[in-house]
file my_file.cif (mmCIF, C-alpha atoms)
data_final
#
loop_
_atom_site.label_atom_id
_atom_site.label_comp_id
_atom_site.auth_asym_id
_atom_site.auth_seq_id
_atom_site.Cartn_x
_atom_site.Cartn_y
_atom_site.Cartn_z
CA MET A 6 29.50 -137.36 1.88
CA ILE A 7 30.26 -140.69 0.21
CA SER A 8 29.16 -141.89 -3.23
CA VAL A 9 28.63 -145.59 -3.93
CA LYS A 10 27.45 -146.63 -7.41
CA GLU A 11 25.82 -143.23 -8.09
CA SER A 12 24.05 -143.27 -4.70
CA LEU A 13 24.99 -140.63 -2.14
CA TYR A 14 25.42 -141.23 1.59
CA CYS A 15 26.06 -138.65 4.31
CA SER A 16 26.55 -138.22 8.05
CA GLY A 17 27.34 -135.41 10.51
CA ASP A 18 25.92 -132.05 11.51
CA ASN A 19 22.51 -131.35 9.99
CA ARG A 20 21.33 -128.29 11.92
CA ILE A 21 21.03 -126.20 8.74
CA GLY A 22 19.81 -129.05 6.54
CA GLN A 23 23.19 -129.39 4.83
CA LEU A 24 22.82 -133.17 4.54
CA GLY A 25 19.88 -132.70 2.18
CA LEU A 26 17.69 -135.18 4.06
CA GLY A 27 14.62 -132.96 4.23
CA GLY A 28 14.93 -131.81 7.83
CA ASN A 29 17.28 -130.48 10.47
CA ILE A 30 15.99 -132.24 13.57
CA ASP A 31 19.17 -133.97 14.70
CA HIS A 32 22.77 -134.84 13.94
CA ARG A 33 23.08 -138.09 12.01
CA LYS A 34 25.51 -140.55 13.63
CA THR A 35 25.30 -143.13 10.87
CA LEU A 36 25.46 -142.89 7.11
CA GLN A 37 22.13 -141.93 5.57
CA ARG A 38 21.20 -142.36 1.90
CA LEU A 39 19.98 -139.28 0.04
CA GLN A 40 16.97 -139.68 -2.20
CA ILE A 41 18.65 -138.34 -5.32
CA PRO A 42 19.68 -140.64 -8.19
CA ASP A 43 22.53 -140.68 -10.69
CA VAL A 44 25.06 -138.70 -8.64
CA SER A 45 28.29 -138.02 -10.52
CA SER A 46 30.13 -135.59 -8.21
CA PHE A 47 29.62 -133.40 -5.15
CA SER A 48 31.27 -130.87 -2.84
CA CYS A 49 30.77 -129.67 0.74
CA GLY A 50 31.27 -126.29 2.37
CA ASP A 51 31.04 -125.43 6.05
CA ASP A 52 27.24 -125.78 6.17
CA HIS A 53 26.24 -126.25 2.53
CA SER A 54 26.46 -129.00 -0.09
CA ILE A 55 26.37 -129.11 -3.90
CA VAL A 56 25.60 -132.27 -5.89
CA LEU A 57 25.81 -132.94 -9.63
CA THR A 58 23.47 -135.52 -11.18
CA LYS A 59 22.37 -136.38 -14.71
CA GLU A 60 19.47 -133.95 -14.17
CA GLY A 61 21.66 -130.98 -13.22
CA LEU A 62 23.34 -129.30 -10.28
CA PHE A 63 21.63 -129.16 -6.86
CA SER A 64 22.41 -127.45 -3.53
CA CYS A 65 21.20 -127.44 0.09
CA GLY A 66 22.09 -126.13 3.53
CA ARG A 67 23.04 -122.68 4.76
CA ASN A 68 22.37 -119.86 2.32
CA ALA A 69 22.68 -116.66 4.33
CA ARG A 70 25.31 -115.35 1.92
CA GLY A 71 23.79 -116.80 -1.24
CA GLN A 72 26.28 -119.67 -1.47
CA LEU A 73 23.62 -122.06 -2.81
CA GLY A 74 23.30 -120.00 -6.00
CA LEU A 75 19.50 -120.11 -5.92
CA GLY A 76 18.75 -116.38 -6.19
CA ASP A 77 17.83 -115.80 -2.56
CA ASN A 78 19.27 -116.16 0.94
CA SER A 79 16.95 -118.78 2.39
CA ASN A 80 18.37 -122.03 3.79
CA ARG A 81 17.35 -125.33 2.18
CA THR A 82 16.95 -128.70 3.88
CA GLU A 83 16.40 -130.50 0.57
CA LEU A 84 18.49 -130.40 -2.58
CA GLU A 85 17.21 -127.78 -5.03
CA LYS A 86 18.29 -127.32 -8.64
CA ILE A 87 20.70 -124.45 -9.37
CA PRO A 88 20.18 -122.35 -12.52
CA ILE A 89 23.48 -122.82 -14.36
CA PRO A 90 24.69 -120.73 -17.31
CA GLY A 91 25.51 -123.04 -20.21
CA ASP A 92 24.62 -126.66 -20.72
CA GLU A 93 27.55 -128.47 -19.09
CA VAL A 94 29.13 -128.25 -15.64
CA LEU A 95 32.79 -129.26 -15.69
CA LEU A 96 33.82 -128.66 -12.08
CA PHE A 97 32.58 -127.01 -8.89
CA LYS A 98 33.87 -126.51 -5.34
CA CYS A 99 32.53 -125.14 -2.05
CA GLY A 100 34.41 -122.84 0.29
CA MET A 101 33.23 -122.04 3.79
CA TYR A 102 30.46 -119.72 2.57
CA HIS A 103 31.17 -119.36 -1.14
CA SER A 104 31.10 -121.56 -4.24
CA LEU A 105 32.96 -121.71 -7.56
CA PHE A 106 31.66 -123.30 -10.77
CA LEU A 107 33.41 -124.07 -14.03
CA THR A 108 31.15 -124.62 -17.04
CA LYS A 109 31.72 -124.62 -20.79
CA ASP A 110 30.69 -120.96 -20.66
CA GLY A 111 33.44 -120.05 -18.20
CA LEU A 112 34.12 -119.58 -14.48
CA PHE A 113 31.32 -118.45 -12.12
CA SER A 114 31.10 -117.68 -8.40
CA CYS A 115 28.49 -116.95 -5.73
CA GLY A 116 28.16 -116.58 -1.97
CA ALA A 117 30.23 -114.73 0.61
CA ASN A 118 32.58 -112.08 -0.74
CA SER A 119 33.66 -110.09 2.31
CA ASP A 120 37.32 -110.82 1.51
CA GLY A 121 36.99 -110.68 -2.26
CA GLN A 122 37.01 -114.48 -2.57
CA LEU A 123 34.57 -114.44 -5.49
CA GLY A 124 37.16 -112.67 -7.66
CA LEU A 125 34.63 -110.16 -8.97
CA GLY A 126 36.47 -106.93 -8.12
CA ASP A 127 34.32 -105.92 -5.14
CA TYR A 128 33.20 -107.15 -1.72
CA ARG A 129 29.49 -107.68 -2.37
CA ASN A 130 27.92 -111.09 -1.75
CA ARG A 131 26.12 -112.80 -4.63
CA ASN A 132 23.15 -115.18 -4.47
CA THR A 133 23.22 -116.02 -8.17
CA LEU A 134 26.15 -117.23 -10.24
CA GLU A 135 28.19 -114.39 -11.69
CA LYS A 136 30.89 -114.79 -14.34
CA VAL A 137 34.51 -114.23 -13.34
CA SER A 138 36.94 -112.57 -15.77
CA LEU A 139 39.43 -115.43 -15.89
CA SER A 140 39.76 -117.40 -19.10
CA GLU A 141 40.58 -121.02 -19.90
CA SER A 142 40.28 -122.38 -16.36
CA VAL A 143 41.04 -126.07 -15.87
CA SER A 144 40.91 -126.60 -12.09
CA LEU A 145 39.80 -124.79 -8.95
CA SER A 146 39.75 -125.04 -5.17
CA CYS A 147 38.23 -123.07 -2.29
CA GLY A 148 39.59 -122.34 1.17
CA ASP A 149 37.59 -120.77 3.97
CA CYS A 150 37.69 -117.30 2.43
CA HIS A 151 40.10 -117.63 -0.49
CA SER A 152 40.08 -119.25 -3.91
CA LEU A 153 42.64 -120.85 -6.23
CA VAL A 154 42.08 -121.30 -9.95
CA LEU A 155 44.46 -123.03 -12.34
CA THR A 156 44.24 -121.84 -15.93
CA LYS A 157 46.20 -122.56 -19.07
CA ASP A 158 48.12 -119.36 -18.33
CA GLY A 159 49.10 -120.29 -14.76
CA LEU A 160 47.83 -120.36 -11.19
CA PHE A 161 45.73 -117.50 -9.77
CA SER A 162 44.39 -116.65 -6.29
CA CYS A 163 42.08 -114.16 -4.60
CA GLY A 164 40.38 -113.49 -1.28
CA ASP A 165 41.58 -113.45 2.31
CA ASN A 166 45.35 -113.30 2.65
CA SER A 167 45.86 -112.59 6.34
CA ASP A 168 48.03 -115.69 6.72
CA GLY A 169 49.66 -115.48 3.30
CA GLN A 170 47.45 -118.20 1.84
CA LEU A 171 47.28 -116.52 -1.58
CA GLY A 172 50.99 -117.20 -2.13
CA LEU A 173 51.63 -113.70 -3.49
CA GLY A 174 54.49 -112.72 -1.17
CA ASP A 175 52.46 -110.43 1.10
CA ASN A 176 49.41 -110.45 3.40
CA VAL A 177 47.14 -108.14 1.41
CA GLU A 178 43.72 -109.49 0.40
CA ARG A 179 42.71 -109.41 -3.27
CA ASN A 180 39.24 -109.10 -4.82
CA THR A 181 40.39 -110.08 -8.29
CA PHE A 182 42.46 -113.10 -9.25
CA GLN A 183 46.21 -112.49 -9.19
CA LYS A 184 48.85 -114.72 -10.75
CA ILE A 185 51.10 -116.72 -8.39
CA ASP A 186 54.77 -117.06 -9.25
CA ILE A 187 54.96 -120.81 -9.84
CA ALA A 188 55.25 -122.75 -13.09
CA ASN A 189 54.37 -126.21 -14.33
CA VAL A 190 51.49 -126.71 -11.88
CA ILE A 191 50.00 -130.19 -11.87
CA SER A 192 47.32 -129.98 -9.16
CA ILE A 193 46.05 -127.68 -6.41
CA PHE A 194 44.21 -127.86 -3.12
CA CYS A 195 43.26 -125.28 -0.50
CA ASN A 196 41.22 -125.37 2.68
CA ALA A 197 40.93 -123.33 5.86
CA ASP A 198 43.71 -120.71 5.49
CA LEU A 199 46.38 -122.64 3.62
CA SER A 200 47.14 -123.69 0.07
CA LEU A 201 48.94 -126.70 -1.41
CA VAL A 202 50.34 -126.78 -4.94
CA LEU A 203 52.04 -129.65 -6.77
CA ASN A 204 54.25 -128.87 -9.73
CA LYS A 205 56.97 -130.75 -11.57
CA GLU A 206 59.49 -129.82 -8.88
CA GLY A 207 57.39 -131.16 -5.97
CA LEU A 208 54.75 -130.22 -3.40
CA HIS A 209 54.59 -126.65 -2.07
CA SER A 210 52.63 -124.95 0.73
CA CYS A 211 51.79 -121.48 2.05
CA GLY A 212 49.47 -119.80 4.54
CA ASP A 213 48.49 -120.60 8.11
CA ASN A 214 51.03 -122.77 9.92
CA ARG A 215 50.09 -122.45 13.58
CA TYR A 216 49.77 -126.24 13.91
CA GLY A 217 52.62 -127.11 11.56
CA GLN A 218 50.22 -127.99 8.74
CA LEU A 219 52.54 -126.57 6.06
CA ALA A 220 54.93 -129.50 6.75
CA LEU A 221 57.96 -127.20 6.74
CA GLY A 222 59.44 -128.16 10.13
CA ASP A 223 58.28 -125.09 12.07
CA ASN A 224 55.12 -123.15 12.96
CA ASP A 225 55.75 -119.94 11.04
CA ASN A 226 53.24 -118.76 8.45
CA ARG A 227 54.39 -118.37 4.84
CA ASN A 228 53.12 -115.84 2.27
CA SER A 229 54.86 -117.47 -0.68
CA LEU A 230 54.89 -121.10 -1.74
CA GLN A 231 57.62 -123.15 -0.08
CA LYS A 232 58.72 -126.62 -1.16
CA ILE A 233 57.95 -129.50 1.23
CA ASN A 234 60.62 -132.13 1.77
CA ILE A 235 58.73 -135.10 0.33
CA SER A 236 58.98 -136.87 -3.02
CA ASP A 237 56.87 -139.10 -5.26
CA VAL A 238 53.63 -137.32 -4.31
CA VAL A 239 50.49 -138.96 -5.66
CA SER A 240 47.75 -136.84 -4.03
CA PHE A 241 47.15 -134.52 -1.08
CA ALA A 242 44.47 -132.74 0.94
CA CYS A 243 44.23 -130.51 3.99
CA GLY A 244 42.03 -129.11 6.73
CA ASN A 245 43.89 -127.66 9.71
CA HIS A 246 46.04 -130.71 9.05
CA THR A 247 47.62 -132.07 5.89
CA LEU A 248 47.58 -135.56 4.39
CA VAL A 249 49.94 -136.54 1.57
CA LEU A 250 49.91 -139.83 -0.31
CA THR A 251 53.21 -140.87 -1.89
CA LYS A 252 54.43 -144.05 -3.54
CA ASN A 253 55.75 -144.97 -0.07
CA GLY A 254 52.47 -144.55 1.82
CA LEU A 255 50.22 -142.01 3.53
CA PHE A 256 51.73 -139.21 5.63
CA GLY A 257 50.20 -136.52 7.88
CA CYS A 258 51.08 -133.41 9.87
CA GLY A 259 49.48 -130.37 11.48
CA CYS A 260 46.61 -130.10 13.93
CA ASN A 261 45.96 -133.37 15.74
CA ASN A 262 43.96 -132.37 18.80
CA TYR A 263 41.14 -134.78 17.89
CA GLY A 264 43.45 -137.50 16.56
CA GLN A 265 42.68 -136.58 12.95
CA LEU A 266 46.16 -137.66 11.82
CA GLY A 267 45.35 -141.24 12.79
CA LEU A 268 48.64 -141.69 14.65
CA GLY A 269 47.19 -142.89 17.95
CA ASN A 270 47.86 -139.64 19.84
CA SER A 271 46.81 -135.99 19.92
CA GLU A 272 50.17 -134.29 19.36
CA ASN A 273 50.49 -131.66 16.63
CA LEU A 274 53.31 -132.20 14.11
CA ASN A 275 55.17 -129.76 11.86
CA THR A 276 56.80 -132.48 9.74
CA LEU A 277 55.09 -135.30 7.89
CA ALA A 278 54.81 -138.63 9.73
CA ARG A 279 53.84 -141.94 8.16
CA ILE A 280 50.35 -143.21 9.03
CA ASP A 281 49.97 -146.94 9.64
CA ILE A 282 47.61 -147.88 6.84
CA GLU A 283 48.30 -149.68 3.58
CA ASN A 284 46.90 -149.76 0.05
CA VAL A 285 45.38 -146.27 0.18
CA LEU A 286 43.22 -145.39 -2.83
CA SER A 287 41.80 -141.98 -1.85
CA PHE A 288 41.25 -139.73 1.15
CA SER A 289 39.72 -136.44 2.23
CA CYS A 290 40.15 -133.98 5.11
CA GLY A 291 37.62 -132.03 7.09
CA ILE A 292 38.82 -129.26 9.34
CA TYR A 293 39.25 -131.70 12.24
CA HIS A 294 38.64 -135.18 10.79
CA SER A 295 39.84 -137.49 8.03
CA VAL A 296 38.41 -140.25 5.86
CA VAL A 297 40.62 -142.77 4.02
CA GLN A 298 39.63 -145.36 1.43
CA THR A 299 41.83 -148.43 1.01
CA LYS A 300 41.50 -151.63 -0.97
CA GLY A 301 40.12 -153.21 2.21
CA GLY A 302 37.52 -150.64 3.17
CA LEU A 303 36.70 -147.13 4.29
CA TYR A 304 38.19 -145.65 7.49
CA SER A 305 37.77 -142.45 9.50
CA CYS A 306 39.35 -140.68 12.48
CA GLY A 307 39.34 -137.36 14.33
CA ASP A 308 36.56 -135.15 15.64
CA ASN A 309 33.21 -136.92 15.86
CA ASN A 310 31.07 -134.54 17.89
CA ASP A 311 28.41 -134.46 15.17
CA GLY A 312 28.80 -138.10 14.14
CA GLN A 313 30.76 -137.10 11.04
CA LEU A 314 32.95 -140.22 11.19
CA GLY A 315 29.96 -142.40 10.29
CA LEU A 316 30.80 -144.90 13.03
CA GLY A 317 27.48 -144.83 14.90
CA ASP A 318 28.66 -142.78 17.89
CA ASN A 319 29.95 -139.31 18.80
CA LEU A 320 33.34 -140.25 20.22
CA PRO A 321 36.58 -138.90 18.69
CA LYS A 322 39.05 -141.44 17.31
CA ASN A 323 42.84 -141.05 17.14
CA THR A 324 43.37 -144.09 14.93
CA LEU A 325 41.62 -144.92 11.68
CA GLN A 326 38.47 -146.94 12.34
CA LYS A 327 36.67 -148.97 9.68
CA ILE A 328 33.25 -147.73 8.61
CA ILE A 329 31.06 -150.80 8.26
CA LEU A 330 27.77 -149.14 7.35
CA LEU A 331 28.08 -149.20 3.56
CA PRO A 332 26.74 -151.82 1.15
CA ASN A 333 30.00 -152.09 -0.82
CA LEU A 334 32.97 -150.02 -1.90
CA GLN A 335 32.84 -150.37 -5.67
CA ASN A 336 32.86 -147.11 -7.63
CA LEU A 337 33.26 -145.17 -4.37
CA SER A 338 34.27 -141.54 -4.11
CA LEU A 339 34.33 -139.41 -1.01
CA ILE A 340 34.31 -135.77 -0.07
CA ILE A 341 34.12 -134.28 3.38
CA SER A 342 34.18 -130.63 4.20
CA PRO A 343 36.09 -129.48 2.16
CA PRO A 344 36.30 -131.27 -1.22
CA GLU A 345 39.05 -133.61 -2.34
CA ILE A 346 42.09 -132.90 -4.47
CA ASN A 347 41.63 -130.95 -7.68
CA SER A 348 43.37 -132.16 -10.82
CA PRO A 349 43.30 -130.38 -14.17
CA LYS A 350 41.50 -132.24 -16.91
#

call {"tool": "encode", "arguments": {"input": "my_file.cif", "output": "structure tokens"}}
result
Amino acid sequence: MISVKESLYCSGDNRIGQLGLGGNIDHRKTLQRLQIPDVSSFSCGDDHSIVLTKEGLFSCGRNARGQLGLGDNSNRTELEKIPIPGDEVLLFKCGMYHSLFLTKDGLFSCGANSDGQLGLGDYRNRNTLEKVSLSESVSLSCGDCHSLVLTKDGLFSCGDNSDGQLGLGDNVERNTFQKIDIANVISIFCNADLSLVLNKEGLHSCGDNRYGQLALGDNDNRNSLQKINISDVVSFACGNHTLVLTKNGLFGCGCNNYGQLGLGNSENLNTLARIDIENVLSFSCGIYHSVVQTKGGLYSCGDNNDGQLGLGDNLPKNTLQKIILLPNLQNLSLIISPPEINSPK
């Protein structure tokens, strides 16, 4: 999904209605405008989407586990308003089949909970928003089946931990939020089965590393946060690959079988390599594709089987290709499955 001047555009798989276009007939190869005004922020899960407007919070797509927060388990092909506790939504994120919401009334979760990723102390799915016992939250992020929440008291995680993605030093899942041993956290991001954390000492990673996506020089999983050898980090995101923006440019590593690193090949990397693109403003990672905004335009690469690159075809790309189907790039923000970097307010 891409926002331009409070208008929302989307492309990709639409079999469940996750694009919010009112149907699920086909996969959209080109960017389509959603008929919803005044969009301020949005997030995408595996097959569901959540959008915040001046009129409230809306969701669409797959709902088998209640991840839309609408009180039932029926899919939606159009955006429908979510009943939200409190009068102000501060932040929200989608995991694969679960969702987290931060409002002035506290932290809430809904959707899949088979690994305890809702942080509610059990393994029962929820189709309405339920309050989580975690106070003074300031940022959050969702992986496939795990969750990270940054509070004023530190960083906490829960959910699936089979690859060590909770950063707790073991591989035991948790159904309540547990504090991670790291201080001075600045920002967080998780996706798939890995987690990235930036603190004053640098960028750290843990979890699944089969493709080298932890950027640690090998392919061994980690169950505690390990520091990555890179400095001057500005922002970062991950799918089964990792992108890191520094003052010296954009770097990538990890899974590259569709060319999602934009390096002109399909070789996986376990150390960060510089990507040939300048003046990067923002970027986002899907599981197997990437989108990068620069001062000169919007670019995409990687898997394109469902037309998710917005280039008008279904062919994968191993170098960043310019998307030319947008009216302009002023006031642009972008999120692909999953959402972009989280920063505490």

call {"tool": "residues_around", "arguments": {"input": "my_file.cif", "residues": "range 321-326 of chain A", "least_positions_apart": "4", "cutoff": "9 Å", "atoms": "all atoms listed in the file", "output": "ChimeraX atom specification"}}
result
/A:261-271,281-282,294-297,303-310,314,316

call {"tool": "residues_around", "arguments": {"input": "my_file.cif", "residues": "Leu105 in chain A", "least_positions_apart": "6", "cutoff": "8 Å", "atoms": "only C-alpha atoms", "output": "PyMOL selection string"}}
result
chain A and resi 97-99+112-115+123+145-147

call {"tool": "write_last_selection", "arguments": {"input": "my_file.cif", "atoms": "C-alpha atoms", "output": "mmCIF file, keeping the file's coordinate frame"}}
result
data_model
loop_
_atom_site.group_PDB
_atom_site.id
_atom_site.type_symbol
_atom_site.label_atom_id
_atom_site.label_comp_id
_atom_site.auth_asym_id
_atom_site.auth_seq_id
_atom_site.Cartn_x
_atom_site.Cartn_y
_atom_site.Cartn_z
ATOM 1 C CA PHE A 97 32.580 -127.010 -8.890
ATOM 2 C CA LYS A 98 33.870 -126.510 -5.340
ATOM 3 C CA CYS A 99 32.530 -125.140 -2.050
ATOM 4 C CA LEU A 112 34.120 -119.580 -14.480
ATOM 5 C CA PHE A 113 31.320 -118.450 -12.120
ATOM 6 C CA SER A 114 31.100 -117.680 -8.400
ATOM 7 C CA CYS A 115 28.490 -116.950 -5.730
ATOM 8 C CA LEU A 123 34.570 -114.440 -5.490
ATOM 9 C CA LEU A 145 39.800 -124.790 -8.950
ATOM 10 C CA SER A 146 39.750 -125.040 -5.170
ATOM 11 C CA CYS A 147 38.230 -123.070 -2.290
#

call {"tool": "residues_around", "arguments": {"input": "my_file.cif", "residues": "range 283-288 of chain A", "least_positions_apart": "2", "cutoff": "8 Å", "atoms": "all atoms listed in the file", "output": "number ranges by chain"}}
result
A: 242, 250, 254-255, 281, 290, 295-301, 338-339, 345

call {"tool": "write_last_selection", "arguments": {"input": "my_file.cif", "atoms": "C-alpha atoms", "output": "compact mmCIF listing (two decimals), keeping the file's coordinate frame"}}
result
# COMPACT_ATOMS: atom_id res chain seq x y z
CA ALA A 242 44.47 -132.74 0.94
CA LEU A 250 49.91 -139.83 -0.31
CA GLY A 254 52.47 -144.55 1.82
CA LEU A 255 50.22 -142.01 3.53
CA ASP A 281 49.97 -146.94 9.64
CA CYS A 290 40.15 -133.98 5.11
CA SER A 295 39.84 -137.49 8.03
CA VAL A 296 38.41 -140.25 5.86
CA VAL A 297 40.62 -142.77 4.02
CA GLN A 298 39.63 -145.36 1.43
CA THR A 299 41.83 -148.43 1.01
CA LYS A 300 41.50 -151.63 -0.97
CA GLY A 301 40.12 -153.21 2.21
CA SER A 338 34.27 -141.54 -4.11
CA LEU A 339 34.33 -139.41 -1.01
CA GLU A 345 39.05 -133.61 -2.34

call {"tool": "residues_around", "arguments": {"input": "my_file.cif", "residues": "range 15-23 of chain A", "least_positions_apart": "4", "cutoff": "6 Å", "atoms": "all atoms listed in the file", "output": "list in words"}}
result
Met6, Gly28, Asn29, His32, Arg33, Thr35, Leu36, Gln37, Asp52, His53, Ser54, Cys65, Gly66, Arg67, Thr82, Asp311, Gly312, Gln313 and Gly315 of chain A

call {"tool": "resolve_selection", "arguments": {"input": "my_file.cif", "expression": "the PyMOL selection byres ((chain A and resi 214) around 6)", "output": "ChimeraX atom specification"}}
result
/A:213,215-219,224-226

call {"tool": "closest_residue", "arguments": {"input": "my_file.cif", "among": "A:Ser45, A:Asn180, A:Asn78, A:Ser152", "to": "Ser119 in chain A", "atoms": "all atoms listed in the file"}}
result
A:Asn180

call {"tool": "resolve_selection", "arguments": {"input": "my_file.cif", "expression": "the PyMOL selection byres ((chain A and resi 153) around 12)", "output": "PyMOL selection string"}}
result
chain A and resi 98-100+104-105+112+122-124+139+142-152+154-156+159-166+170-173+179+181-185+192-196+198-202+347

call {"tool": "resolve_selection", "arguments": {"input": "my_file.cif", "expression": "the PyMOL selection byres ((chain A and resi 235) around 10)", "output": "ChimeraX atom specification"}}
result
/A:207-209,220,232-234,236-238,249,251,256,276-277

call {"tool": "axis_aligned_box", "arguments": {"input": "my_file.cif", "around": "range 11-24 of chain A", "padding_each_side": "5 Å", "output": "lines of an AutoDock Vina configuration file"}}
result
center_x = 23.6
center_y = -134.7
center_z = 1.9
size_x = 17.5
size_y = 27.1
size_z = 30.0

call {"tool": "atom_distance", "arguments": {"input": "my_file.cif", "atom1": "CA of Val56 in chain A", "atom2": "CA of Asp43 in chain A"}}
result
10.2 Å

call {"tool": "atom_distance", "arguments": {"input": "my_file.cif", "atom1": "CA of Cys243 in chain A", "atom2": "CA of Arg131 in chain A"}}
result
26.8 Å

call {"tool": "decode", "arguments": {"input": "my_file.cif", "residues": "range 144-166 of chain A", "atoms": "C-alpha atoms", "output": "compact mmCIF listing (two decimals), in the first residue's frame"}}
result
# COMPACT_ATOMS: atom_id res chain seq x y z
CA SER A 144 6.00 1.55 20.07
CA LEU A 145 5.13 -1.90 18.75
CA SER A 146 5.83 -4.34 15.93
CA CYS A 147 4.47 -7.70 14.78
CA GLY A 148 6.25 -10.66 13.23
CA ASP A 149 4.51 -13.67 11.74
CA CYS A 150 3.56 -15.11 15.13
CA HIS A 151 5.40 -12.93 17.63
CA SER A 152 5.11 -9.40 18.95
CA LEU A 153 7.48 -6.71 20.25
CA VAL A 154 6.36 -3.80 22.39
CA LEU A 155 8.58 -0.97 23.60
CA THR A 156 7.45 0.66 26.83
CA LYS A 157 8.91 3.29 29.10
CA ASP A 158 10.18 0.40 31.23
CA GLY A 159 11.98 -1.42 28.41
CA LEU A 160 11.44 -3.80 25.51
CA PHE A 161 9.06 -6.78 25.80
CA SER A 162 8.23 -9.76 23.55
CA CYS A 163 5.78 -12.65 23.35
CA GLY A 164 4.62 -15.38 20.98
CA ASP A 165 6.42 -17.93 18.85
CA ASN A 166 10.06 -18.39 19.78
